[in-house]
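This is model-v3.txt. It holds compact mmCIF, C-alpha atoms.
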```txt
# COMPACT_ATOMS: atom_id res chain seq x y z
CA MET A 150 -215.75 -55.71 -101.77
CA GLN A 151 -213.54 -58.69 -102.56
CA GLU A 152 -215.84 -59.47 -105.52
CA ASP A 153 -215.27 -55.97 -106.86
CA LEU A 154 -211.54 -56.42 -106.46
CA ALA A 155 -211.64 -59.82 -108.18
CA SER A 156 -213.51 -58.45 -111.18
CA ALA A 157 -211.19 -55.43 -111.41
CA LEU A 158 -208.26 -57.86 -111.41
CA SER A 159 -209.87 -59.99 -114.14
CA ARG A 160 -210.42 -56.95 -116.35
CA LYS A 161 -206.86 -55.75 -115.85
CA LEU A 162 -205.38 -59.18 -116.61
CA LEU A 163 -207.54 -59.47 -119.72
CA GLU A 164 -205.85 -56.33 -121.05
CA VAL A 165 -202.56 -58.23 -121.07
CA ASN A 166 -204.25 -61.33 -122.44
CA ILE A 167 -204.25 -63.33 -119.22
CA LYS A 168 -207.62 -65.08 -119.05
CA GLY A 169 -209.13 -67.09 -116.23
CA GLU A 170 -211.12 -66.91 -113.05
CA VAL A 171 -209.67 -64.85 -110.19
CA ARG A 172 -210.15 -66.62 -106.87
CA ASN A 173 -208.84 -67.17 -103.34
CA LEU A 174 -208.08 -63.50 -102.80
CA GLU A 175 -206.15 -63.26 -99.56
CA PRO A 176 -204.70 -60.13 -97.92
CA LEU A 177 -201.07 -60.50 -96.90
CA THR A 178 -199.50 -58.41 -94.18
CA GLY A 179 -196.93 -56.45 -96.10
CA GLY A 180 -195.44 -53.03 -95.67
CA ALA A 181 -197.26 -50.60 -93.45
CA SER A 182 -198.48 -48.41 -96.28
CA LYS A 183 -199.29 -50.81 -99.13
CA GLU A 184 -202.02 -53.35 -99.66
CA ILE A 185 -200.77 -56.74 -100.76
CA TRP A 186 -203.11 -59.46 -102.00
CA LYS A 187 -202.33 -62.98 -103.04
CA PHE A 188 -204.71 -64.65 -105.50
CA GLU A 189 -205.05 -67.39 -108.08
CA VAL A 190 -206.01 -67.22 -111.70
CA SER A 191 -207.43 -70.52 -112.85
CA LYS A 192 -208.22 -71.69 -116.33
CA ASN A 193 -208.91 -75.21 -117.62
CA GLY A 194 -207.97 -76.72 -114.28
CA GLN A 195 -204.58 -74.95 -114.21
CA SER A 196 -204.01 -72.24 -111.68
CA THR A 197 -201.30 -69.59 -111.37
CA GLN A 198 -200.56 -67.68 -108.19
CA MET A 199 -200.14 -63.94 -108.40
CA ILE A 200 -199.64 -60.90 -106.18
CA LEU A 201 -201.39 -57.54 -106.33
CA ARG A 202 -199.48 -54.64 -104.76
CA ARG A 203 -201.49 -51.51 -104.40
CA GLY A 204 -200.94 -48.04 -102.96
CA SER A 205 -203.22 -46.99 -100.14
CA GLY A 206 -203.02 -43.25 -100.75
CA ILE A 207 -201.37 -42.75 -97.33
CA GLU A 208 -197.77 -43.42 -98.32
CA GLY A 209 -195.10 -41.44 -96.59
CA PRO A 210 -193.41 -38.42 -98.17
CA LEU A 211 -190.41 -40.48 -99.30
CA ALA A 212 -192.35 -43.06 -101.34
CA ILE A 213 -192.61 -43.21 -105.13
CA LYS A 214 -195.77 -44.17 -107.03
CA THR A 215 -196.61 -47.85 -106.83
CA ALA A 216 -196.84 -48.14 -110.62
CA ASP A 217 -193.28 -46.76 -110.85
CA GLU A 218 -192.06 -49.64 -108.68
CA ALA A 219 -193.28 -51.94 -111.43
CA LEU A 220 -191.33 -50.00 -114.06
CA ILE A 221 -188.14 -50.42 -112.02
CA GLN A 222 -188.66 -54.16 -111.65
CA LYS A 223 -189.24 -54.49 -115.40
CA GLU A 224 -185.87 -52.86 -116.00
CA VAL A 225 -183.70 -54.50 -113.34
CA ILE A 226 -184.85 -57.99 -114.28
CA LYS A 227 -183.11 -57.38 -117.63
CA VAL A 228 -179.76 -56.90 -115.89
CA GLY A 229 -180.19 -60.08 -113.89
CA ALA A 230 -181.46 -58.76 -110.55
CA PRO A 231 -183.86 -61.26 -108.97
CA VAL A 232 -187.31 -59.63 -108.89
CA PRO A 233 -190.85 -60.92 -109.49
CA THR A 234 -192.05 -60.71 -113.10
CA ILE A 235 -194.46 -57.83 -113.65
CA LEU A 236 -197.67 -58.97 -115.35
CA ALA A 237 -199.78 -55.80 -115.45
CA VAL A 238 -199.61 -52.21 -114.24
CA SER A 239 -202.53 -50.01 -113.23
CA LYS A 240 -202.55 -46.22 -113.08
CA ASN A 241 -204.12 -44.26 -110.27
CA GLU A 242 -207.24 -43.38 -112.29
CA GLU A 243 -208.00 -47.01 -113.22
CA ASP A 244 -210.26 -49.34 -111.19
CA LEU A 245 -207.37 -50.97 -109.35
CA GLY A 246 -205.79 -47.62 -108.55
CA ASP A 247 -202.03 -47.12 -108.30
CA ALA A 248 -201.04 -50.79 -108.42
CA TYR A 249 -199.41 -53.67 -110.23
CA ILE A 250 -199.75 -57.42 -110.59
CA MET A 251 -196.72 -59.71 -110.45
CA ASN A 252 -196.05 -63.41 -110.26
CA PHE A 253 -196.01 -64.99 -106.81
CA VAL A 254 -192.54 -66.03 -105.63
CA GLU A 255 -192.44 -68.94 -103.21
CA GLY A 256 -190.41 -68.28 -100.06
CA GLU A 257 -190.30 -66.25 -96.87
CA SER A 258 -189.95 -62.53 -96.31
CA ILE A 259 -190.50 -62.27 -92.53
CA ALA A 260 -187.09 -61.52 -91.03
CA ARG A 261 -187.50 -63.37 -87.75
CA LYS A 262 -188.59 -66.55 -89.54
CA ILE A 263 -185.67 -66.41 -91.96
CA LEU A 264 -183.26 -65.94 -89.06
CA ARG A 265 -184.83 -68.60 -86.82
CA ASP A 266 -186.43 -71.40 -88.85
CA GLU A 267 -184.59 -74.64 -89.65
CA GLU A 268 -185.69 -74.31 -93.29
CA TYR A 269 -183.24 -71.43 -93.92
CA LYS A 270 -180.22 -72.76 -91.99
CA LYS A 271 -178.37 -73.59 -95.21
CA ALA A 272 -179.40 -70.37 -96.94
CA LEU A 273 -178.04 -67.97 -94.30
CA PRO A 274 -174.30 -68.69 -94.82
CA VAL A 275 -174.55 -67.85 -98.54
CA LEU A 276 -177.14 -65.08 -98.28
CA ALA A 277 -174.77 -62.15 -97.63
CA TYR A 278 -172.72 -62.97 -100.74
CA GLN A 279 -175.88 -63.41 -102.83
CA CYS A 280 -177.30 -60.12 -101.58
CA GLY A 281 -174.01 -58.41 -102.44
CA GLU A 282 -174.24 -59.72 -106.01
CA ALA A 283 -177.90 -58.69 -106.35
CA ILE A 284 -177.33 -55.19 -104.97
CA ALA A 285 -174.41 -54.73 -107.38
CA LYS A 286 -176.64 -55.72 -110.31
CA ILE A 287 -179.15 -53.05 -109.29
CA HIS A 288 -176.36 -50.50 -109.03
CA ASN A 289 -174.95 -51.44 -112.44
CA ALA A 290 -178.26 -50.72 -114.17
CA ASP A 291 -178.24 -47.82 -116.63
CA ILE A 292 -179.75 -44.82 -114.80
CA ASN A 293 -180.99 -43.35 -118.08
CA ASN A 294 -183.80 -45.92 -117.85
CA PHE A 295 -185.03 -44.38 -114.61
CA THR A 296 -185.61 -40.74 -115.49
CA PHE A 297 -188.96 -40.92 -113.66
CA LEU A 298 -187.18 -41.44 -110.33
CA PRO A 299 -186.15 -38.59 -108.04
CA LYS A 300 -182.45 -37.78 -107.77
CA LYS A 301 -181.35 -37.77 -104.17
CA PRO A 302 -177.69 -36.93 -103.63
CA ALA A 303 -176.48 -37.66 -100.09
CA ARG A 304 -176.19 -34.03 -99.08
CA ASP A 305 -179.71 -33.17 -100.27
CA GLN A 306 -181.10 -36.16 -98.42
CA LEU A 307 -179.22 -35.22 -95.29
CA GLU A 308 -180.65 -31.69 -95.38
CA ASP A 309 -184.15 -33.06 -96.05
CA LEU A 310 -183.91 -35.53 -93.19
CA TYR A 311 -182.61 -32.88 -90.83
CA SER A 312 -185.32 -30.35 -91.67
CA THR A 313 -187.98 -33.07 -91.41
CA TYR A 314 -186.64 -33.94 -87.95
CA GLN A 315 -186.64 -30.27 -86.99
CA SER A 316 -190.20 -29.76 -88.21
CA PHE A 317 -191.54 -31.98 -85.41
CA GLY A 318 -190.11 -29.75 -82.70
CA GLN A 319 -188.81 -32.68 -80.69
CA PRO A 320 -185.12 -31.95 -80.11
CA SER A 321 -182.63 -34.82 -80.02
CA PRO A 322 -179.07 -33.99 -78.97
CA VAL A 323 -177.85 -37.22 -80.58
CA PHE A 324 -179.47 -36.34 -83.91
CA GLU A 325 -177.96 -32.84 -83.76
CA TYR A 326 -174.53 -34.39 -83.19
CA ALA A 327 -175.08 -37.00 -85.93
CA TYR A 328 -176.13 -34.31 -88.39
CA LEU A 329 -172.97 -32.29 -87.80
CA TRP A 330 -170.83 -35.44 -87.98
CA LEU A 331 -172.48 -36.50 -91.24
CA LYS A 332 -172.09 -33.04 -92.76
CA ASP A 333 -168.36 -33.48 -92.25
CA GLN A 334 -168.11 -36.78 -94.16
CA ASP A 335 -167.03 -37.24 -97.74
CA PHE A 336 -170.07 -38.51 -99.62
CA SER A 337 -168.66 -37.75 -103.01
CA ASN A 338 -167.21 -41.20 -103.60
CA LEU A 339 -168.79 -43.48 -106.22
CA HIS A 340 -171.09 -42.70 -109.08
CA GLU A 341 -174.83 -42.05 -109.30
CA SER A 342 -176.88 -45.20 -109.59
CA LEU A 343 -180.26 -46.77 -109.03
CA VAL A 344 -180.64 -47.19 -105.25
CA HIS A 345 -183.25 -49.61 -103.87
CA GLY A 346 -183.54 -47.52 -100.74
CA ASP A 347 -184.83 -50.18 -98.36
CA PHE A 348 -182.76 -53.31 -98.97
CA ARG A 349 -182.98 -55.55 -95.87
CA LEU A 350 -184.66 -58.64 -94.49
CA GLY A 351 -188.38 -58.02 -94.79
CA ASN A 352 -187.98 -56.76 -98.34
CA ILE A 353 -186.37 -59.83 -99.86
CA ILE A 354 -187.83 -63.28 -100.44
CA VAL A 355 -185.64 -66.14 -99.28
CA ASN A 356 -186.03 -69.89 -99.65
CA ARG A 357 -183.84 -72.83 -98.56
CA ASP A 358 -181.34 -72.01 -101.31
CA GLY A 359 -181.08 -68.32 -100.47
CA LEU A 360 -182.14 -65.10 -102.18
CA GLN A 361 -185.09 -65.43 -104.57
CA SER A 362 -186.48 -61.95 -105.05
CA ILE A 363 -186.08 -58.31 -104.11
CA ILE A 364 -189.39 -56.61 -103.35
CA ASP A 365 -190.76 -53.34 -101.94
CA TRP A 366 -189.17 -50.69 -104.15
CA GLU A 367 -191.13 -47.74 -102.76
CA LEU A 368 -188.05 -45.86 -101.49
CA ALA A 369 -186.11 -46.27 -104.75
CA HIS A 370 -184.26 -43.26 -106.14
CA ILE A 371 -181.14 -42.22 -108.01
CA GLY A 372 -178.30 -41.63 -105.61
CA ASN A 373 -175.11 -42.99 -104.09
CA PRO A 374 -174.99 -46.82 -104.23
CA LEU A 375 -173.25 -47.04 -100.85
CA GLN A 376 -176.54 -46.03 -99.26
CA ASP A 377 -177.98 -49.52 -99.87
CA LEU A 378 -174.95 -51.19 -98.29
CA GLY A 379 -174.91 -48.92 -95.22
CA TRP A 380 -178.65 -49.30 -94.71
CA PHE A 381 -178.48 -53.10 -94.87
CA CYS A 382 -175.61 -53.07 -92.32
CA GLY A 383 -177.37 -50.87 -89.76
CA ASN A 384 -178.25 -52.42 -86.43
CA SER A 385 -181.90 -51.44 -87.03
CA TRP A 386 -182.09 -54.39 -89.46
CA ARG A 387 -180.18 -57.00 -87.47
CA PHE A 388 -183.26 -58.10 -85.52
CA GLY A 389 -181.41 -58.61 -82.26
CA ASN A 390 -178.27 -60.22 -83.71
CA ASN A 391 -176.03 -57.24 -83.04
CA ASP A 392 -172.81 -59.09 -83.87
CA ARG A 393 -173.89 -60.11 -87.38
CA VAL A 394 -173.42 -56.87 -89.24
CA VAL A 395 -175.24 -57.80 -92.44
CA GLY A 396 -178.96 -58.11 -91.73
CA GLY A 397 -178.40 -60.00 -88.49
CA PHE A 398 -177.04 -63.06 -90.29
CA GLY A 399 -173.89 -62.26 -92.29
CA ASP A 400 -170.50 -60.59 -92.34
CA LEU A 401 -169.56 -57.44 -94.19
CA GLU A 402 -166.64 -59.26 -95.87
CA ASP A 403 -169.03 -61.69 -97.56
CA LEU A 404 -171.45 -58.97 -98.62
CA LEU A 405 -168.62 -56.96 -100.19
CA LYS A 406 -167.08 -60.05 -101.82
CA GLY A 407 -170.38 -60.68 -103.58
CA TYR A 408 -170.78 -57.00 -104.38
CA ASN A 409 -167.29 -56.53 -105.78
CA SER A 410 -167.59 -59.67 -107.93
CA ILE A 411 -170.23 -57.83 -110.00
CA SER A 412 -169.91 -54.10 -109.37
CA LYS A 413 -168.08 -51.79 -111.74
CA PHE A 414 -166.90 -49.83 -108.69
CA LYS A 415 -165.11 -51.61 -105.86
CA VAL A 416 -166.14 -50.96 -102.29
CA ASN A 417 -164.11 -51.52 -99.11
CA LYS A 418 -165.24 -51.83 -95.51
CA GLU A 419 -164.18 -48.34 -94.47
CA MET A 420 -166.47 -46.76 -97.08
CA VAL A 421 -169.54 -48.32 -95.48
CA LYS A 422 -169.33 -46.84 -91.97
CA CYS A 423 -170.55 -43.30 -92.59
CA TRP A 424 -173.43 -44.80 -94.58
CA GLN A 425 -174.35 -46.93 -91.56
CA VAL A 426 -174.62 -43.74 -89.53
CA PHE A 427 -176.52 -42.08 -92.38
CA GLY A 428 -178.92 -45.02 -92.65
CA THR A 429 -179.51 -45.14 -88.91
CA PHE A 430 -180.28 -41.42 -88.82
CA ARG A 431 -182.59 -41.87 -91.82
CA TRP A 432 -184.47 -44.69 -90.07
CA GLY A 433 -184.77 -42.52 -86.97
CA VAL A 434 -186.38 -39.73 -89.00
CA ILE A 435 -188.71 -42.22 -90.72
CA CYS A 436 -189.80 -43.39 -87.25
CA LEU A 437 -190.53 -39.76 -86.37
CA ILE A 438 -192.54 -39.26 -89.57
CA GLN A 439 -194.66 -42.31 -88.76
CA ALA A 440 -195.17 -41.39 -85.12
CA TYR A 441 -196.22 -37.85 -85.97
CA ALA A 442 -198.70 -39.12 -88.58
CA HIS A 443 -200.43 -40.65 -85.54
CA LEU A 444 -199.85 -37.70 -83.20
CA ASN A 445 -201.12 -35.15 -85.73
CA GLY A 446 -204.30 -37.16 -86.13
CA ALA A 447 -203.75 -38.16 -89.77
CA ILE A 448 -203.90 -41.85 -88.83
CA ASN A 449 -204.89 -43.41 -85.52
CA SER A 450 -202.64 -46.42 -85.14
CA ILE A 451 -201.08 -48.23 -82.20
CA GLU A 452 -198.19 -49.33 -84.45
CA LYS A 453 -197.44 -45.77 -85.47
CA ALA A 454 -197.70 -44.56 -81.88
CA ALA A 455 -195.31 -47.29 -80.75
CA ILE A 456 -192.75 -46.50 -83.44
CA GLY A 457 -192.23 -43.05 -81.92
CA ARG A 458 -190.46 -44.78 -79.07
CA ARG A 459 -188.16 -46.55 -81.49
CA VAL A 460 -186.34 -43.32 -82.23
CA SER A 461 -184.27 -44.05 -79.12
CA GLU A 462 -183.08 -47.29 -80.76
CA THR A 463 -181.49 -45.25 -83.52
CA GLU A 464 -180.00 -42.81 -81.00
CA ILE A 465 -178.22 -45.55 -79.07
CA ASP A 466 -177.04 -47.11 -82.34
CA ILE A 467 -175.60 -43.78 -83.46
CA ALA A 468 -173.93 -43.27 -80.06
CA ASP A 469 -172.49 -46.79 -80.31
CA LEU A 470 -171.16 -46.22 -83.85
CA LEU A 471 -169.70 -42.78 -83.15
CA PHE A 472 -168.44 -43.02 -79.58
CA LEU A 473 -168.10 -46.65 -78.54
CA GLY A 474 -166.51 -48.40 -81.50
CA GLY A 475 -169.73 -50.09 -82.60
CA LYS A 476 -169.66 -51.92 -85.90
CA MET B 10 -199.76 -39.42 -53.73
CA ILE B 11 -203.19 -39.73 -52.20
CA PHE B 12 -204.19 -42.70 -54.33
CA ASP B 13 -204.63 -46.26 -53.14
CA ARG B 14 -203.04 -49.43 -54.37
CA PRO B 15 -202.99 -50.83 -56.94
CA THR B 16 -200.61 -48.11 -58.01
CA SER B 17 -200.74 -46.90 -61.61
CA SER B 18 -197.84 -49.23 -62.37
CA GLU B 19 -199.63 -52.19 -60.76
CA LEU B 20 -202.80 -51.40 -62.71
CA ILE B 21 -200.94 -51.42 -65.98
CA LYS B 22 -199.25 -54.67 -65.04
CA ALA B 23 -202.70 -56.18 -64.43
CA VAL B 24 -203.86 -55.03 -67.89
CA ILE B 25 -200.76 -56.50 -69.56
CA ASP B 26 -201.28 -59.84 -67.78
CA PHE B 27 -204.96 -59.88 -68.76
CA LEU B 28 -204.24 -59.20 -72.45
CA GLU B 29 -201.38 -61.67 -72.50
CA THR B 30 -203.08 -64.60 -70.76
CA LYS B 31 -206.80 -64.17 -71.52
CA ILE B 32 -207.08 -62.28 -74.79
CA LYS B 33 -204.09 -62.81 -77.06
CA HIS B 34 -204.63 -66.50 -77.83
CA GLU B 35 -208.34 -65.93 -78.54
CA LEU B 36 -207.53 -63.68 -81.49
CA PRO B 37 -206.54 -64.33 -85.10
CA ALA B 38 -202.85 -63.86 -85.89
CA HIS B 39 -202.98 -60.27 -87.16
CA LEU B 40 -204.85 -59.07 -84.05
CA ALA B 41 -202.68 -61.14 -81.71
CA PHE B 42 -199.77 -59.27 -83.27
CA LYS B 43 -201.45 -55.97 -82.34
CA ILE B 44 -201.85 -57.18 -78.77
CA ARG B 45 -198.11 -57.80 -78.71
CA ILE B 46 -197.51 -54.21 -79.78
CA THR B 47 -200.09 -53.00 -77.25
CA ASN B 48 -198.30 -54.85 -74.47
CA ASN B 49 -194.96 -53.44 -75.57
CA VAL B 50 -196.46 -49.96 -75.31
CA LEU B 51 -197.96 -50.65 -71.89
CA GLY B 52 -194.59 -52.01 -70.77
CA MET B 53 -192.97 -48.68 -71.72
CA VAL B 54 -195.56 -46.79 -69.70
CA GLN B 55 -195.03 -49.06 -66.72
CA ARG B 56 -191.25 -48.65 -66.85
CA GLU B 57 -191.57 -44.90 -67.24
CA ILE B 58 -193.81 -44.74 -64.16
CA ASP B 59 -191.42 -46.93 -62.17
CA GLN B 60 -188.02 -45.61 -63.25
CA GLY B 61 -188.60 -42.61 -65.50
CA GLU B 62 -188.00 -39.88 -62.96
CA GLN B 63 -184.76 -41.36 -61.68
CA LEU B 64 -183.35 -42.07 -65.16
CA SER B 65 -184.31 -38.62 -66.35
CA GLU B 66 -182.80 -36.85 -63.31
CA GLU B 67 -179.57 -38.77 -63.65
CA VAL B 68 -179.15 -37.37 -67.18
CA ILE B 69 -180.16 -33.85 -66.20
CA GLU B 70 -177.63 -33.76 -63.39
CA VAL B 71 -174.75 -34.72 -65.69
CA MET B 72 -176.06 -32.30 -68.29
CA SER B 73 -176.21 -29.39 -65.82
CA ASN B 74 -172.56 -29.96 -64.94
CA LEU B 75 -171.47 -30.03 -68.56
CA ILE B 76 -173.37 -27.04 -69.87
CA ASN B 77 -173.11 -25.08 -66.65
CA SER B 78 -176.69 -23.89 -66.74
CA ASP B 79 -179.86 -24.31 -64.71
CA GLU B 80 -181.75 -24.88 -67.90
CA ALA B 81 -180.61 -28.47 -68.48
CA THR B 82 -183.05 -29.83 -71.04
CA THR B 83 -182.67 -31.88 -74.22
CA LYS B 84 -183.78 -28.74 -76.08
CA LYS B 85 -181.01 -26.64 -74.54
CA LEU B 86 -178.38 -29.32 -75.19
CA SER B 87 -179.59 -29.71 -78.79
CA ASP B 88 -179.33 -25.96 -79.36
CA LEU B 89 -175.82 -25.80 -77.90
CA ILE B 90 -174.64 -28.61 -80.19
CA LYS B 91 -176.37 -27.09 -83.21
CA ASN B 92 -174.97 -23.60 -82.60
CA GLY B 93 -171.42 -24.83 -82.18
CA ASP B 94 -171.26 -23.85 -78.50
CA LEU B 95 -169.91 -27.22 -77.42
CA ASP B 96 -166.67 -28.94 -78.37
CA LEU B 97 -167.81 -31.99 -80.34
CA THR B 98 -164.62 -33.86 -79.48
CA ASP B 99 -165.13 -33.40 -75.71
CA ILE B 100 -165.25 -36.83 -74.11
CA LYS B 101 -167.67 -35.49 -71.47
CA LEU B 102 -170.16 -34.55 -74.18
CA LYS B 103 -169.84 -37.98 -75.77
CA GLU B 104 -170.36 -39.66 -72.39
CA LEU B 105 -173.45 -37.55 -71.79
CA LEU B 106 -174.92 -38.52 -75.15
CA VAL B 107 -174.26 -42.19 -74.39
CA LEU B 108 -175.91 -41.85 -70.96
CA LEU B 109 -178.90 -40.04 -72.45
CA SER B 110 -179.33 -42.73 -75.10
CA LYS B 111 -178.97 -45.55 -72.58
CA ASN B 112 -181.50 -44.10 -70.17
CA LYS B 113 -184.05 -43.50 -72.92
CA ILE B 114 -183.78 -47.01 -74.34
CA ALA B 115 -183.94 -48.45 -70.80
CA ILE B 116 -187.54 -47.24 -70.76
CA ASP B 117 -188.45 -47.70 -74.42
CA ASN B 118 -186.95 -51.12 -75.09
CA PRO B 119 -184.52 -52.65 -72.57
CA ASN B 120 -184.32 -55.76 -74.77
CA TYR B 121 -182.76 -53.79 -77.62
CA SER B 122 -179.56 -55.50 -78.76
CA THR B 123 -177.24 -52.49 -78.57
CA TYR B 124 -178.44 -51.67 -75.06
CA LYS B 125 -177.94 -55.24 -73.87
CA LYS B 126 -174.46 -55.24 -75.37
CA LEU B 127 -173.54 -51.95 -73.68
CA ILE B 128 -174.72 -52.82 -70.17
CA LYS B 129 -172.94 -56.20 -70.16
```
Any chance you could give the structure as structure tokens?
Amino acid sequence: MQEDLASALSRKLLEVNIKGEVRNLEPLTGGASKEIWKFEVSKNGQSTQMILRRGSGIEGPLAIKTADEALIQKEVIKVGAPVPTILAVSKNEEDLGDAYIMNFVEGESIARKILRDEEYKKALPVLAYQCGEAIAKIHNADINNFTFLPKKPARDQLEDLYSTYQSFGQPSPVFEYAYLWLKDQDFSNLHESLVHGDFRLGNIIVNRDGLQSIIDWELAHIGNPLQDLGWFCGNSWRFGNNDRVVGGFGDLEDLLKGYNSISKFKVNKEMVKCWQVFGTFRWGVICLIQAYAHLNGAINSIEKAAIGRRVSETEIDIADLLFLGGK
Amino acid sequence: MIFDRPTSSELIKAVIDFLETKIKHELPAHLAFKIRITNNVLGMVQREIDQGEQLSEEVIEVMSNLINSDEATTKKLSDLIKNGDLDLTDIKLKELLVLLSKNKIAIDNPNYSTYKKLIK
């Protein structure tokens, strides 16, 4: 099977005039719903490392096509956002399926390693500012280049999330409260922009100098840019470091300093809070979607079963944010 | 209960210990990771067996007082919130939602950062 994959990769790369022998194919543990392979292309004793990212056909209802992720990366690299260079794109009906090939970026994406390992000690103090800059570059991109992406205004998303939650018939008083609270918020501030949709540790590559690349664009859409900031600042993505609001390592002031140094629209701390609640509710509903994919028999998976009991993490985070002064 | 020891909780504990000490380190990294998830899941089941009834009843008692009904369930409470039958600014409602959240996470993941912060 790996031989088939290697020859499909060779053929695809030949189309874009990259010649050489494909070898050392190695599966990487990436997102739950995508295949990720690392491999080398060698020619005349020189070898280049590359990554194949490929849809599995079992992506969740919120995900875009894998090939469309490549189109986004091709665009945002032009406005200075750090992303891997796209080398080739494959459509669903081709041998590789819905997939793309990009250059391999050296560094770490596993959150707990970035937060814990000595290697990244010097990167962490500058990372929030760097992430702020990078997110602002994404948000500054011209949305006319992304007409293939779904438009998801906050209110539409909120209604979608709520009806998805309701469809599982598992009532949550905290979610009901959060929904009513969110409906009451003013989401009209700021302009429409490209939203990454899942910006957090796990989806960025970091080395000893800090941010290297933004990956995993499957939840990208056109919407309110504050969504990315609120999501990144949710406790769900602090990996145990509750007191470090940004990704478990940084402060909101630094993130916004970096953001406002680039962004056309200035953001203050108060604007982020309702998006933290929104993001936490959204993660809770995504947990439900995953758990019910297991419970409905679509996929039998211990990970997906376990994630059903992570909904309560989002409930206590919402209760903390709304009732107990949580940050 | 008519059943002998080991109790269901003790049996699960034995399985967790077996997987942790005898199996996990024999496996390649990606499967060892699945054993970690498996043990997390078994830990939830063990805690639910040991403390689930008490934690659940504690919430239901407070809920019955607030909604003044014999039918104190998360479904009933959800419906009352949804239909606007409860004052959303009522401190008693907020306290109930905090208690409910705490008691659920106490079973699901007592190491969760927000829970640890709140019980300090």
What are the residues of chain A lining chain B at 8 Å or less? Count only C-alpha atoms, and put the answer as a PyMOL selection string.
chain A and resi 319-323+325-326+329+384+389-391+451-452+455+458-459+461-462+464-466+468-469+472
When you draw a straight line from CA of Tyr441 (chain A) to CA of Leu307 (chain A), how long is it in Å?
19.6 Å
To one decimal in Å, tell me the separation between CA of Tyr314 (chain A) and CA of Ser342 (chain A).
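Going from CA of Tyr314 (chain A) over to CA of Ser342 (chain A) covers 26.3 Å.
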Which is closest to Trp432 (chain A) among A:Leu177, A:Leu211, A:Ile250, A:Leu298, if we use only C-alpha atoms?
A:Leu211
In Å to one decimal, how far is CA of Glu66 (chain B) from CA of Ala23 (chain B)?
27.8 Å
Reconstructed N, CA and C atoms for region 62-74 of chain B, given as a PDB file, in the coordinates of the input:
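And here's selection16.pdb as it stands now:
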```pdb
ATOM      1  N   GLU B  62    -188.477 -41.070 -63.648  1.00  0.00           N
ATOM      2  CA  GLU B  62    -188.000 -39.880 -62.960  1.00  0.00           C
ATOM      3  C   GLU B  62    -186.517 -39.997 -62.622  1.00  0.00           C
ATOM      4  N   GLN B  63    -186.149 -41.163 -62.084  1.00  0.00           N
ATOM      5  CA  GLN B  63    -184.760 -41.360 -61.680  1.00  0.00           C
ATOM      6  C   GLN B  63    -183.816 -41.324 -62.880  1.00  0.00           C
ATOM      7  N   LEU B  64    -184.210 -42.024 -63.973  1.00  0.00           N
ATOM      8  CA  LEU B  64    -183.350 -42.070 -65.160  1.00  0.00           C
ATOM      9  C   LEU B  64    -183.234 -40.697 -65.808  1.00  0.00           C
ATOM     10  N   SER B  65    -184.320 -39.945 -65.769  1.00  0.00           N
ATOM     11  CA  SER B  65    -184.310 -38.620 -66.350  1.00  0.00           C
ATOM     12  C   SER B  65    -183.431 -37.679 -65.505  1.00  0.00           C
ATOM     13  N   GLU B  66    -183.585 -37.738 -64.186  1.00  0.00           N
ATOM     14  CA  GLU B  66    -182.800 -36.850 -63.310  1.00  0.00           C
ATOM     15  C   GLU B  66    -181.311 -37.124 -63.386  1.00  0.00           C
ATOM     16  N   GLU B  67    -180.985 -38.400 -63.534  1.00  0.00           N
ATOM     17  CA  GLU B  67    -179.570 -38.770 -63.650  1.00  0.00           C
ATOM     18  C   GLU B  67    -178.934 -38.049 -64.849  1.00  0.00           C
ATOM     19  N   VAL B  68    -179.661 -38.034 -65.975  1.00  0.00           N
ATOM     20  CA  VAL B  68    -179.150 -37.370 -67.180  1.00  0.00           C
ATOM     21  C   VAL B  68    -179.069 -35.860 -66.968  1.00  0.00           C
ATOM     22  N   ILE B  69    -180.112 -35.298 -66.372  1.00  0.00           N
ATOM     23  CA  ILE B  69    -180.160 -33.850 -66.200  1.00  0.00           C
ATOM     24  C   ILE B  69    -179.045 -33.342 -65.284  1.00  0.00           C
ATOM     25  N   GLU B  70    -178.707 -34.155 -64.292  1.00  0.00           N
ATOM     26  CA  GLU B  70    -177.630 -33.760 -63.390  1.00  0.00           C
ATOM     27  C   GLU B  70    -176.286 -33.679 -64.134  1.00  0.00           C
ATOM     28  N   VAL B  71    -175.996 -34.722 -64.917  1.00  0.00           N
ATOM     29  CA  VAL B  71    -174.750 -34.720 -65.690  1.00  0.00           C
ATOM     30  C   VAL B  71    -174.759 -33.581 -66.707  1.00  0.00           C
ATOM     31  N   MET B  72    -175.927 -33.360 -67.284  1.00  0.00           N
ATOM     32  CA  MET B  72    -176.060 -32.300 -68.290  1.00  0.00           C
ATOM     33  C   MET B  72    -175.824 -30.923 -67.668  1.00  0.00           C
ATOM     34  N   SER B  73    -176.385 -30.691 -66.496  1.00  0.00           N
ATOM     35  CA  SER B  73    -176.210 -29.390 -65.820  1.00  0.00           C
ATOM     36  C   SER B  73    -174.740 -29.099 -65.590  1.00  0.00           C
ATOM     37  N   ASN B  74    -173.990 -30.145 -65.184  1.00  0.00           N
ATOM     38  CA  ASN B  74    -172.560 -29.960 -64.940  1.00  0.00           C
ATOM     39  C   ASN B  74    -171.823 -29.603 -66.217  1.00  0.00           C
TER      40      ASN B  74
END
```
